[in-house]
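Structure file run-v3.txt with compact mmCIF, N, CA and C atoms and all ligand atoms:
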# COMPACT_ATOMS: atom_id res chain seq x y z
N MET V 18 55.34 35.01 -81.97
CA MET V 18 54.93 36.06 -82.93
C MET V 18 53.82 35.54 -83.86
N ASP V 19 54.12 34.39 -84.45
CA ASP V 19 53.12 33.81 -85.35
C ASP V 19 51.82 33.49 -84.62
N GLY V 20 52.05 32.93 -83.42
CA GLY V 20 50.89 32.56 -82.62
C GLY V 20 50.03 33.77 -82.30
N LYS V 21 50.70 34.85 -81.97
CA LYS V 21 49.98 36.07 -81.61
C LYS V 21 49.20 36.62 -82.82
N ARG V 22 49.85 36.59 -83.95
CA ARG V 22 49.19 37.09 -85.17
C ARG V 22 47.95 36.26 -85.50
N ALA V 23 48.15 34.95 -85.39
CA ALA V 23 47.02 34.07 -85.68
C ALA V 23 45.86 34.39 -84.76
N GLY V 24 46.21 34.62 -83.50
CA GLY V 24 45.19 34.95 -82.51
C GLY V 24 44.44 36.23 -82.87
N GLU V 25 45.21 37.19 -83.37
CA GLU V 25 44.59 38.47 -83.74
C GLU V 25 43.63 38.32 -84.91
N ILE V 26 44.08 37.51 -85.85
CA ILE V 26 43.23 37.29 -87.02
C ILE V 26 41.92 36.62 -86.60
N VAL V 27 42.06 35.61 -85.77
CA VAL V 27 40.87 34.91 -85.29
C VAL V 27 39.95 35.89 -84.59
N LYS V 28 40.55 36.75 -83.78
CA LYS V 28 39.75 37.69 -83.01
C LYS V 28 38.98 38.66 -83.92
N SER V 29 39.67 39.15 -84.95
CA SER V 29 38.99 40.11 -85.81
C SER V 29 37.91 39.44 -86.64
N GLU V 30 38.16 38.23 -87.03
CA GLU V 30 37.13 37.48 -87.77
C GLU V 30 35.92 37.25 -86.90
N TYR V 31 36.24 36.89 -85.69
CA TYR V 31 35.23 36.63 -84.68
C TYR V 31 34.31 37.84 -84.52
N LYS V 32 34.95 39.01 -84.50
CA LYS V 32 34.19 40.25 -84.31
C LYS V 32 33.26 40.55 -85.47
N THR V 33 33.70 40.17 -86.66
CA THR V 33 32.88 40.49 -87.81
C THR V 33 31.73 39.50 -87.98
N LYS V 34 31.70 38.49 -87.14
CA LYS V 34 30.64 37.50 -87.29
C LYS V 34 29.73 37.46 -86.06
N PRO V 35 28.83 38.38 -85.96
CA PRO V 35 27.91 38.40 -84.82
C PRO V 35 27.09 37.12 -84.75
N ARG V 36 26.88 36.52 -85.91
CA ARG V 36 26.12 35.28 -85.96
C ARG V 36 26.73 34.23 -85.02
N ASN V 37 28.08 34.15 -85.05
CA ASN V 37 28.76 33.18 -84.20
C ASN V 37 28.59 33.50 -82.71
N ARG V 38 28.61 34.79 -82.41
CA ARG V 38 28.43 35.20 -81.02
C ARG V 38 27.01 34.86 -80.57
N ILE V 39 26.08 35.07 -81.45
CA ILE V 39 24.69 34.79 -81.13
C ILE V 39 24.49 33.29 -80.93
N ILE V 40 25.05 32.51 -81.85
CA ILE V 40 24.91 31.05 -81.73
C ILE V 40 25.55 30.55 -80.44
N GLU V 41 26.69 31.14 -80.11
CA GLU V 41 27.37 30.77 -78.87
C GLU V 41 26.45 31.01 -77.67
N TYR V 42 25.84 32.16 -77.68
CA TYR V 42 24.92 32.49 -76.60
C TYR V 42 23.76 31.50 -76.56
N LEU V 43 23.24 31.20 -77.74
CA LEU V 43 22.09 30.30 -77.82
C LEU V 43 22.44 28.91 -77.28
N LYS V 44 23.65 28.46 -77.62
CA LYS V 44 24.07 27.13 -77.16
C LYS V 44 24.20 27.09 -75.65
N GLN V 45 24.71 28.17 -75.10
CA GLN V 45 24.86 28.23 -73.64
C GLN V 45 23.52 28.27 -72.94
N ASN V 46 22.53 28.73 -73.66
CA ASN V 46 21.21 28.89 -73.05
C ASN V 46 20.15 28.04 -73.74
N ALA V 47 20.57 26.87 -74.18
CA ALA V 47 19.67 26.03 -74.97
C ALA V 47 18.42 25.61 -74.19
N ASP V 48 18.53 25.60 -72.88
CA ASP V 48 17.40 25.12 -72.08
C ASP V 48 16.41 26.20 -71.70
N ILE V 49 16.78 27.42 -71.96
CA ILE V 49 15.85 28.47 -71.57
C ILE V 49 15.41 29.30 -72.76
N LYS V 50 14.28 29.92 -72.59
CA LYS V 50 13.79 30.79 -73.66
C LYS V 50 14.39 32.18 -73.45
N PHE V 51 14.44 32.93 -74.50
CA PHE V 51 15.00 34.27 -74.40
C PHE V 51 14.33 35.13 -75.46
N THR V 52 14.50 36.41 -75.32
CA THR V 52 13.99 37.34 -76.33
C THR V 52 15.18 37.94 -77.06
N ALA V 53 14.91 38.60 -78.17
CA ALA V 53 15.99 39.25 -78.92
C ALA V 53 16.69 40.27 -78.02
N ARG V 54 15.92 40.90 -77.16
CA ARG V 54 16.49 41.89 -76.26
C ARG V 54 17.48 41.25 -75.27
N ASP V 55 17.14 40.05 -74.79
CA ASP V 55 18.06 39.34 -73.88
C ASP V 55 19.43 39.17 -74.53
N ILE V 56 19.42 38.76 -75.78
CA ILE V 56 20.67 38.52 -76.49
C ILE V 56 21.42 39.83 -76.69
N TYR V 57 20.69 40.81 -77.11
CA TYR V 57 21.30 42.12 -77.34
C TYR V 57 21.95 42.63 -76.05
N ASN V 58 21.23 42.56 -74.96
CA ASN V 58 21.76 43.02 -73.67
C ASN V 58 23.00 42.26 -73.25
N LYS V 59 22.96 40.95 -73.45
CA LYS V 59 24.09 40.10 -73.06
C LYS V 59 25.32 40.45 -73.88
N LEU V 60 25.16 40.56 -75.19
CA LEU V 60 26.31 40.85 -76.05
C LEU V 60 26.86 42.24 -75.77
N GLU V 61 25.98 43.15 -75.49
CA GLU V 61 26.41 44.51 -75.18
C GLU V 61 27.20 44.52 -73.87
N LYS V 62 26.73 43.76 -72.91
CA LYS V 62 27.42 43.65 -71.62
C LYS V 62 28.81 43.07 -71.79
N ASP V 63 28.95 42.16 -72.74
CA ASP V 63 30.24 41.54 -73.02
C ASP V 63 31.16 42.46 -73.84
N GLY V 64 30.71 43.67 -74.07
CA GLY V 64 31.53 44.63 -74.79
C GLY V 64 31.47 44.48 -76.29
N GLU V 65 30.47 43.80 -76.75
CA GLU V 65 30.31 43.56 -78.18
C GLU V 65 29.63 44.78 -78.82
N THR V 66 30.17 45.25 -79.93
CA THR V 66 29.45 46.33 -80.61
C THR V 66 28.55 45.70 -81.67
N ILE V 67 27.32 45.66 -81.34
CA ILE V 67 26.35 45.00 -82.21
C ILE V 67 25.08 45.83 -82.17
N ASN V 68 24.41 45.94 -83.28
CA ASN V 68 23.16 46.69 -83.18
C ASN V 68 21.97 45.75 -83.18
N ARG V 69 20.90 46.29 -82.72
CA ARG V 69 19.68 45.51 -82.54
C ARG V 69 19.22 44.84 -83.84
N ALA V 70 19.31 45.59 -84.92
CA ALA V 70 18.87 45.06 -86.22
C ALA V 70 19.65 43.80 -86.60
N THR V 71 20.94 43.81 -86.28
CA THR V 71 21.77 42.64 -86.58
C THR V 71 21.30 41.43 -85.79
N VAL V 72 20.98 41.67 -84.54
CA VAL V 72 20.49 40.57 -83.70
C VAL V 72 19.19 40.01 -84.29
N TYR V 73 18.27 40.89 -84.62
CA TYR V 73 16.99 40.46 -85.18
C TYR V 73 17.17 39.71 -86.49
N ARG V 74 18.06 40.25 -87.34
CA ARG V 74 18.27 39.64 -88.64
C ARG V 74 18.84 38.22 -88.49
N ASN V 75 19.78 38.08 -87.57
CA ASN V 75 20.39 36.76 -87.37
C ASN V 75 19.41 35.77 -86.76
N LEU V 76 18.59 36.25 -85.85
CA LEU V 76 17.59 35.36 -85.24
C LEU V 76 16.60 34.90 -86.30
N GLU V 77 16.21 35.82 -87.16
CA GLU V 77 15.28 35.49 -88.23
C GLU V 77 15.88 34.42 -89.14
N ARG V 78 17.15 34.59 -89.47
CA ARG V 78 17.80 33.63 -90.36
C ARG V 78 17.90 32.25 -89.70
N LEU V 79 18.28 32.23 -88.44
CA LEU V 79 18.40 30.95 -87.73
C LEU V 79 17.05 30.27 -87.61
N TYR V 80 16.03 31.10 -87.46
CA TYR V 80 14.68 30.55 -87.40
C TYR V 80 14.29 29.92 -88.73
N GLN V 81 14.61 30.63 -89.82
CA GLN V 81 14.31 30.10 -91.16
C GLN V 81 15.06 28.80 -91.42
N GLU V 82 16.23 28.68 -90.82
CA GLU V 82 17.04 27.47 -90.99
C GLU V 82 16.55 26.33 -90.09
N GLY V 83 15.58 26.62 -89.29
CA GLY V 83 15.00 25.59 -88.44
C GLY V 83 15.77 25.33 -87.15
N LYS V 84 16.66 26.25 -86.79
CA LYS V 84 17.49 26.05 -85.60
C LYS V 84 16.90 26.69 -84.35
N LEU V 85 15.85 27.43 -84.57
CA LEU V 85 15.23 28.12 -83.43
C LEU V 85 13.74 27.82 -83.38
N ILE V 86 13.26 27.74 -82.18
CA ILE V 86 11.82 27.68 -81.99
C ILE V 86 11.41 29.12 -81.69
N ARG V 87 10.37 29.58 -82.31
CA ARG V 87 9.94 30.95 -82.05
C ARG V 87 8.46 30.94 -81.72
N TYR V 88 8.09 31.65 -80.72
CA TYR V 88 6.67 31.71 -80.37
C TYR V 88 6.38 32.97 -79.56
N LYS V 89 5.13 33.32 -79.53
CA LYS V 89 4.70 34.47 -78.74
C LYS V 89 4.25 33.96 -77.39
N GLU V 90 4.76 34.56 -76.37
CA GLU V 90 4.32 34.18 -75.05
C GLU V 90 2.96 34.83 -74.81
N SER V 91 2.02 34.01 -74.35
CA SER V 91 0.64 34.51 -74.28
C SER V 91 0.46 35.62 -73.26
N ASP V 92 1.12 35.55 -72.13
CA ASP V 92 0.87 36.59 -71.11
C ASP V 92 1.60 37.91 -71.38
N SER V 93 2.84 37.83 -71.85
CA SER V 93 3.58 39.08 -72.07
C SER V 93 3.52 39.52 -73.53
N ASN V 94 3.13 38.60 -74.41
CA ASN V 94 3.09 38.85 -75.84
C ASN V 94 4.48 39.12 -76.43
N ALA V 95 5.51 38.76 -75.67
CA ALA V 95 6.87 38.93 -76.17
C ALA V 95 7.22 37.75 -77.08
N THR V 96 8.03 38.02 -78.09
CA THR V 96 8.47 36.94 -78.95
C THR V 96 9.66 36.24 -78.29
N CYS V 97 9.48 34.95 -78.04
CA CYS V 97 10.53 34.21 -77.38
C CYS V 97 11.20 33.25 -78.36
N TYR V 98 12.45 32.98 -78.09
CA TYR V 98 13.20 32.05 -78.93
C TYR V 98 13.81 30.98 -78.03
N GLN V 99 14.03 29.83 -78.64
CA GLN V 99 14.81 28.81 -77.95
C GLN V 99 15.63 28.07 -79.00
N TYR V 100 16.87 27.82 -78.65
CA TYR V 100 17.77 27.18 -79.60
C TYR V 100 17.53 25.68 -79.64
N SER V 101 17.61 25.11 -80.83
CA SER V 101 17.35 23.69 -80.93
C SER V 101 18.10 23.08 -82.10
N GLU V 102 19.39 23.05 -81.98
CA GLU V 102 20.25 22.56 -83.05
C GLU V 102 19.94 21.12 -83.43
N ASN V 103 19.73 20.29 -82.42
CA ASN V 103 19.59 18.86 -82.66
C ASN V 103 18.31 18.47 -83.39
N HIS V 104 17.33 19.31 -83.28
CA HIS V 104 16.06 18.95 -83.90
C HIS V 104 15.90 19.51 -85.31
N GLY V 105 16.84 20.33 -85.69
CA GLY V 105 16.83 20.84 -87.05
C GLY V 105 15.58 21.58 -87.45
N GLN V 106 14.63 20.87 -87.95
CA GLN V 106 13.47 21.48 -88.60
C GLN V 106 12.42 22.01 -87.63
N CYS V 107 12.81 22.89 -86.76
CA CYS V 107 11.85 23.38 -85.79
C CYS V 107 10.80 24.31 -86.38
N ASN V 108 11.03 24.75 -87.62
CA ASN V 108 9.99 25.55 -88.26
C ASN V 108 8.98 24.68 -89.00
N HIS V 109 9.15 23.36 -88.89
CA HIS V 109 8.23 22.45 -89.58
C HIS V 109 7.44 21.53 -88.68
N HIS V 110 7.66 21.63 -87.39
CA HIS V 110 6.81 20.83 -86.52
C HIS V 110 6.31 21.65 -85.33
N MET V 111 5.44 21.05 -84.60
CA MET V 111 4.82 21.78 -83.50
C MET V 111 5.54 21.48 -82.20
N HIS V 112 5.37 22.38 -81.24
CA HIS V 112 6.03 22.19 -79.96
C HIS V 112 5.04 22.27 -78.81
N ALA V 113 5.40 21.61 -77.75
CA ALA V 113 4.65 21.76 -76.51
C ALA V 113 5.63 22.31 -75.49
N GLN V 114 5.14 23.15 -74.61
CA GLN V 114 6.02 23.72 -73.61
C GLN V 114 5.42 23.63 -72.23
N CYS V 115 6.28 23.29 -71.28
CA CYS V 115 5.83 23.22 -69.90
C CYS V 115 5.71 24.63 -69.34
N THR V 116 4.58 24.91 -68.72
CA THR V 116 4.35 26.25 -68.18
C THR V 116 5.15 26.49 -66.90
N GLU V 117 5.60 25.41 -66.27
CA GLU V 117 6.33 25.55 -65.01
C GLU V 117 7.83 25.74 -65.25
N CYS V 118 8.44 24.78 -65.96
CA CYS V 118 9.90 24.82 -66.11
C CYS V 118 10.33 25.35 -67.48
N GLY V 119 9.38 25.49 -68.39
CA GLY V 119 9.70 26.06 -69.70
C GLY V 119 10.29 25.08 -70.68
N LYS V 120 10.36 23.81 -70.28
CA LYS V 120 10.94 22.80 -71.17
C LYS V 120 10.12 22.67 -72.46
N ILE V 121 10.84 22.51 -73.57
CA ILE V 121 10.19 22.39 -74.88
C ILE V 121 10.19 20.94 -75.34
N PHE V 122 9.07 20.51 -75.85
CA PHE V 122 8.96 19.17 -76.42
C PHE V 122 8.72 19.30 -77.92
N HIS V 123 9.48 18.57 -78.70
CA HIS V 123 9.32 18.61 -80.15
C HIS V 123 8.35 17.51 -80.53
N LEU V 124 7.18 17.89 -81.00
CA LEU V 124 6.14 16.90 -81.25
C LEU V 124 6.39 16.12 -82.54
N ASN V 125 6.13 14.87 -82.44
CA ASN V 125 6.27 13.93 -83.54
C ASN V 125 5.53 14.41 -84.79
N LYS V 126 6.23 14.36 -85.91
CA LYS V 126 5.71 14.90 -87.16
C LYS V 126 4.40 14.24 -87.62
N GLU V 127 4.35 12.93 -87.55
CA GLU V 127 3.15 12.20 -87.99
C GLU V 127 1.94 12.59 -87.15
N PHE V 128 2.20 12.70 -85.88
CA PHE V 128 1.14 13.07 -84.94
C PHE V 128 0.61 14.46 -85.27
N VAL V 129 1.54 15.36 -85.51
CA VAL V 129 1.17 16.75 -85.82
C VAL V 129 0.43 16.83 -87.15
N GLU V 130 0.88 16.05 -88.13
CA GLU V 130 0.23 16.07 -89.44
C GLU V 130 -1.22 15.59 -89.35
N GLU V 131 -1.42 14.59 -88.53
CA GLU V 131 -2.76 14.08 -88.34
C GLU V 131 -3.65 15.16 -87.70
N PHE V 132 -3.09 15.82 -86.73
CA PHE V 132 -3.79 16.91 -86.05
C PHE V 132 -4.13 18.04 -87.03
N GLU V 133 -3.13 18.43 -87.80
CA GLU V 133 -3.31 19.50 -88.80
C GLU V 133 -4.43 19.16 -89.77
N GLU V 134 -4.39 17.92 -90.24
CA GLU V 134 -5.36 17.47 -91.22
C GLU V 134 -6.78 17.53 -90.66
N LYS V 135 -6.91 17.10 -89.41
CA LYS V 135 -8.23 17.11 -88.77
C LYS V 135 -8.74 18.52 -88.56
N VAL V 136 -7.87 19.40 -88.10
CA VAL V 136 -8.28 20.79 -87.87
C VAL V 136 -8.68 21.42 -89.21
N HIS V 137 -7.95 21.06 -90.24
CA HIS V 137 -8.25 21.57 -91.58
C HIS V 137 -9.61 21.06 -92.06
N LEU V 138 -9.83 19.77 -91.92
CA LEU V 138 -11.08 19.16 -92.39
C LEU V 138 -12.29 19.62 -91.60
N VAL V 139 -12.17 19.59 -90.30
CA VAL V 139 -13.32 19.88 -89.44
C VAL V 139 -13.60 21.36 -89.32
N TYR V 140 -12.54 22.17 -89.18
CA TYR V 140 -12.74 23.59 -88.92
C TYR V 140 -12.32 24.51 -90.07
N GLY V 141 -11.68 23.93 -91.06
CA GLY V 141 -11.23 24.74 -92.18
C GLY V 141 -10.08 25.66 -91.83
N VAL V 142 -9.40 25.35 -90.74
CA VAL V 142 -8.26 26.18 -90.32
C VAL V 142 -6.96 25.49 -90.69
N ASP V 143 -6.10 26.21 -91.38
CA ASP V 143 -4.78 25.67 -91.67
C ASP V 143 -3.84 26.09 -90.55
N VAL V 144 -3.46 25.12 -89.76
CA VAL V 144 -2.61 25.41 -88.61
C VAL V 144 -1.20 25.78 -89.06
N ASP V 145 -0.69 26.87 -88.48
CA ASP V 145 0.70 27.23 -88.75
C ASP V 145 1.56 26.64 -87.63
N CYS V 146 2.07 25.46 -87.92
CA CYS V 146 2.82 24.69 -86.91
C CYS V 146 3.99 25.44 -86.32
N SER V 147 4.67 26.17 -87.18
CA SER V 147 5.89 26.82 -86.70
C SER V 147 5.60 27.87 -85.64
N LYS V 148 4.34 28.30 -85.58
CA LYS V 148 4.01 29.33 -84.59
C LYS V 148 3.17 28.78 -83.45
N THR V 149 2.90 27.49 -83.52
CA THR V 149 1.99 26.93 -82.53
C THR V 149 2.74 26.22 -81.41
N VAL V 150 2.48 26.66 -80.21
CA VAL V 150 3.06 25.99 -79.05
C VAL V 150 1.92 25.62 -78.10
N ILE V 151 1.85 24.33 -77.82
CA ILE V 151 0.85 23.85 -76.88
C ILE V 151 1.44 23.97 -75.48
N VAL V 152 0.69 24.49 -74.55
CA VAL V 152 1.24 24.64 -73.20
C VAL V 152 0.58 23.70 -72.20
N GLY V 153 1.33 23.31 -71.21
CA GLY V 153 0.83 22.41 -70.18
C GLY V 153 1.91 22.13 -69.17
N LYS V 154 1.64 21.18 -68.30
CA LYS V 154 2.59 20.85 -67.24
C LYS V 154 3.28 19.54 -67.57
N CYS V 155 4.60 19.50 -67.54
CA CYS V 155 5.31 18.28 -67.88
C CYS V 155 5.35 17.29 -66.71
N ASN V 156 5.75 16.08 -67.00
CA ASN V 156 5.79 15.02 -65.99
C ASN V 156 6.64 15.39 -64.77
N GLU V 157 7.79 15.97 -65.05
CA GLU V 157 8.70 16.35 -63.98
C GLU V 157 8.03 17.32 -63.00
N CYS V 158 7.33 18.28 -63.57
CA CYS V 158 6.71 19.32 -62.75
C CYS V 158 5.44 18.85 -62.05
N LYS V 159 4.90 17.74 -62.49
CA LYS V 159 3.70 17.21 -61.85
C LYS V 159 4.03 16.45 -60.58
N LYS V 160 5.30 16.06 -60.48
CA LYS V 160 5.70 15.25 -59.32
C LYS V 160 5.51 16.02 -58.00
ZN ZN Z 201 11.48 21.45 -82.67
ZN ZN Z 202 8.08 21.18 -66.43
Take the structure in the file and write it out as structure tokens.
Amino acid sequence: MDGKRAGEIVKSEYKTKPRNRIIEYLKQNADIKFTARDIYNKLEKDGETINRATVYRNLERLYQEGKLIRYKESDSNATCYQYSENHGQCNHHMHAQCTECGKIFHLNKEFVEEFEEKVHLVYGVDVDCSKTVIVGKCNECKK
């Protein structure tokens, strides 16, 4: 009886926290990029009652917390996200992405700062690192 009640409480709490459901999804898909729509579709398929605005709001918050990499895909112009718990400050450094496998590389801060400074000095452009993704082919995919 007690066990069942505890389970129910956990379940209802779980339901009120879409953030947890979203994070769970992100963790399961840490290696791939996704769009807000992907998450929405997945949660809806799982029988979750969640609205699109909630998904967007949570993604925005996670991005502000530095847990997500966010970028615009050049060919589709869709906003893509990728989860990156271990790197923390993903809104403060630049990323490189493999065009073949989609793998994300978190670029060294010092290296990026040097790059930023040079672009600023030479071209007068202040690079927005959090939105900048360099694309290319990774070592694995070159084999
Ligand atoms: Zn990062
Ligand atoms: Zn690759």
Can you tell me which residues sit at most 7 Å away from ligand ZN 202 (chain Z), counting only N, CA and C atoms and all ligand atoms, written as a count of residues only? 14
Find the residues near ligand ZN 201 (chain Z). Use a cut-off of 6 Å, count all atoms listed in the file, and write them as a PDB file with N, CA and C atoms, in the frame of the given file.
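And here's out_4.pdb as it stands now:
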ATOM      1  N   HIS V 104      17.330  19.310 -83.280  1.00  0.00           N
ATOM      2  CA  HIS V 104      16.060  18.950 -83.900  1.00  0.00           C
ATOM      3  C   HIS V 104      15.900  19.510 -85.310  1.00  0.00           C
ATOM      4  N   GLN V 106      14.630  20.870 -87.950  1.00  0.00           N
ATOM      5  CA  GLN V 106      13.470  21.480 -88.600  1.00  0.00           C
ATOM      6  C   GLN V 106      12.420  22.010 -87.630  1.00  0.00           C
ATOM      7  N   CYS V 107      12.810  22.890 -86.760  1.00  0.00           N
ATOM      8  CA  CYS V 107      11.850  23.380 -85.790  1.00  0.00           C
ATOM      9  C   CYS V 107      10.800  24.310 -86.380  1.00  0.00           C
ATOM     10  N   ASN V 108      11.030  24.750 -87.620  1.00  0.00           N
ATOM     11  CA  ASN V 108       9.990  25.550 -88.260  1.00  0.00           C
ATOM     12  C   ASN V 108       8.980  24.680 -89.000  1.00  0.00           C
ATOM     13  N   HIS V 110       7.660  21.630 -87.390  1.00  0.00           N
ATOM     14  CA  HIS V 110       6.810  20.830 -86.520  1.00  0.00           C
ATOM     15  C   HIS V 110       6.310  21.650 -85.330  1.00  0.00           C
ATOM     16  N   MET V 111       5.440  21.050 -84.600  1.00  0.00           N
ATOM     17  CA  MET V 111       4.820  21.780 -83.500  1.00  0.00           C
ATOM     18  C   MET V 111       5.540  21.480 -82.200  1.00  0.00           C
ATOM     19  N   PHE V 122       9.070  20.510 -75.850  1.00  0.00           N
ATOM     20  CA  PHE V 122       8.960  19.170 -76.420  1.00  0.00           C
ATOM     21  C   PHE V 122       8.720  19.300 -77.920  1.00  0.00           C
ATOM     22  N   HIS V 123       9.480  18.570 -78.700  1.00  0.00           N
ATOM     23  CA  HIS V 123       9.320  18.610 -80.150  1.00  0.00           C
ATOM     24  C   HIS V 123       8.350  17.510 -80.530  1.00  0.00           C
ATOM     25  N   LEU V 124       7.180  17.890 -81.000  1.00  0.00           N
ATOM     26  CA  LEU V 124       6.140  16.900 -81.250  1.00  0.00           C
ATOM     27  C   LEU V 124       6.390  16.120 -82.540  1.00  0.00           C
TER      28      LEU V 124
END
Could you work out how far atom C of Asn75 in chain V lies from atom N of Arg54 in chain V, giving the answer in Å with one decimal?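 That distance, rounded to one decimal, is 11.4 Å.
Between atom N of Gln45 in chain V and atom N of Tyr57 in chain V lies a distance of 13.4 Å.
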As lines of an AutoDock Vina configuration file, what would the box around range 79-94 of chain V look like: edges along x, y and z, 6 Å added on every side, centre and edge lengths in Å to one decimal?
center_x = 9.4
center_y = 32.4
center_z = -81.3
size_x = 29.9
size_y = 26.2
size_z = 32.3
One number please: atom C of Phe51 in chain V to atom C of Glu130 in chain V, in Å, one decimal.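 For atom C of Phe51 in chain V relative to atom C of Glu130 in chain V, the distance reads 28.6 Å.
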When DSSP is applied to the backbone of this structure, which of range 51-114 of chain V are assigned strand (DSSP E or B)? Write them out as an MDAnalysis selection string. chainID V and resid 51 85:89 96:100 112:114
Just asking: which residues within range 48-144 of chain V are helix (DSSP H, G or I) according to DSSP, as number ranges by chain? V: 53-62, 69-81, 102-104, 126-140
Which residues are close to Lys50 in chain V, i.e. within 6.5 Å by all atoms listed in the file, leaving aside same-chain residues fewer than 4 positions away? Reply as a PDB file with N, CA and C atoms, keeping the file's coordinate frame.
ATOM      1  N   ASN V  46      22.530  28.730 -73.660  1.00  0.00           N
ATOM      2  CA  ASN V  46      21.210  28.890 -73.050  1.00  0.00           C
ATOM      3  C   ASN V  46      20.150  28.040 -73.740  1.00  0.00           C
ATOM      4  N   CYS V  97       9.480  34.950 -78.040  1.00  0.00           N
ATOM      5  CA  CYS V  97      10.530  34.210 -77.380  1.00  0.00           C
ATOM      6  C   CYS V  97      11.200  33.250 -78.360  1.00  0.00           C
ATOM      7  N   TYR V  98      12.450  32.980 -78.090  1.00  0.00           N
ATOM      8  CA  TYR V  98      13.200  32.050 -78.930  1.00  0.00           C
ATOM      9  C   TYR V  98      13.810  30.980 -78.030  1.00  0.00           C
ATOM     10  N   GLN V  99      14.030  29.830 -78.640  1.00  0.00           N
ATOM     11  CA  GLN V  99      14.810  28.810 -77.950  1.00  0.00           C
ATOM     12  C   GLN V  99      15.630  28.070 -79.000  1.00  0.00           C
TER      13      GLN V  99
END
Dump as JSON lines the rows for residues of range 104-157 of chain V within 8 Å of range 89-93 of chain V: closest atom pair and distance in Å with one decimal, all atoms listed in the file counted, ordered by chain and rising residue number.
{"residue": "V:Lys148", "atom": "C", "partner": "V:Lys89", "partner_atom": "N", "distance": 6.3}
{"residue": "V:Thr149", "atom": "N", "partner": "V:Lys89", "partner_atom": "N", "distance": 7.4}
{"residue": "V:Val150", "atom": "N", "partner": "V:Lys89", "partner_atom": "N", "distance": 7.2}
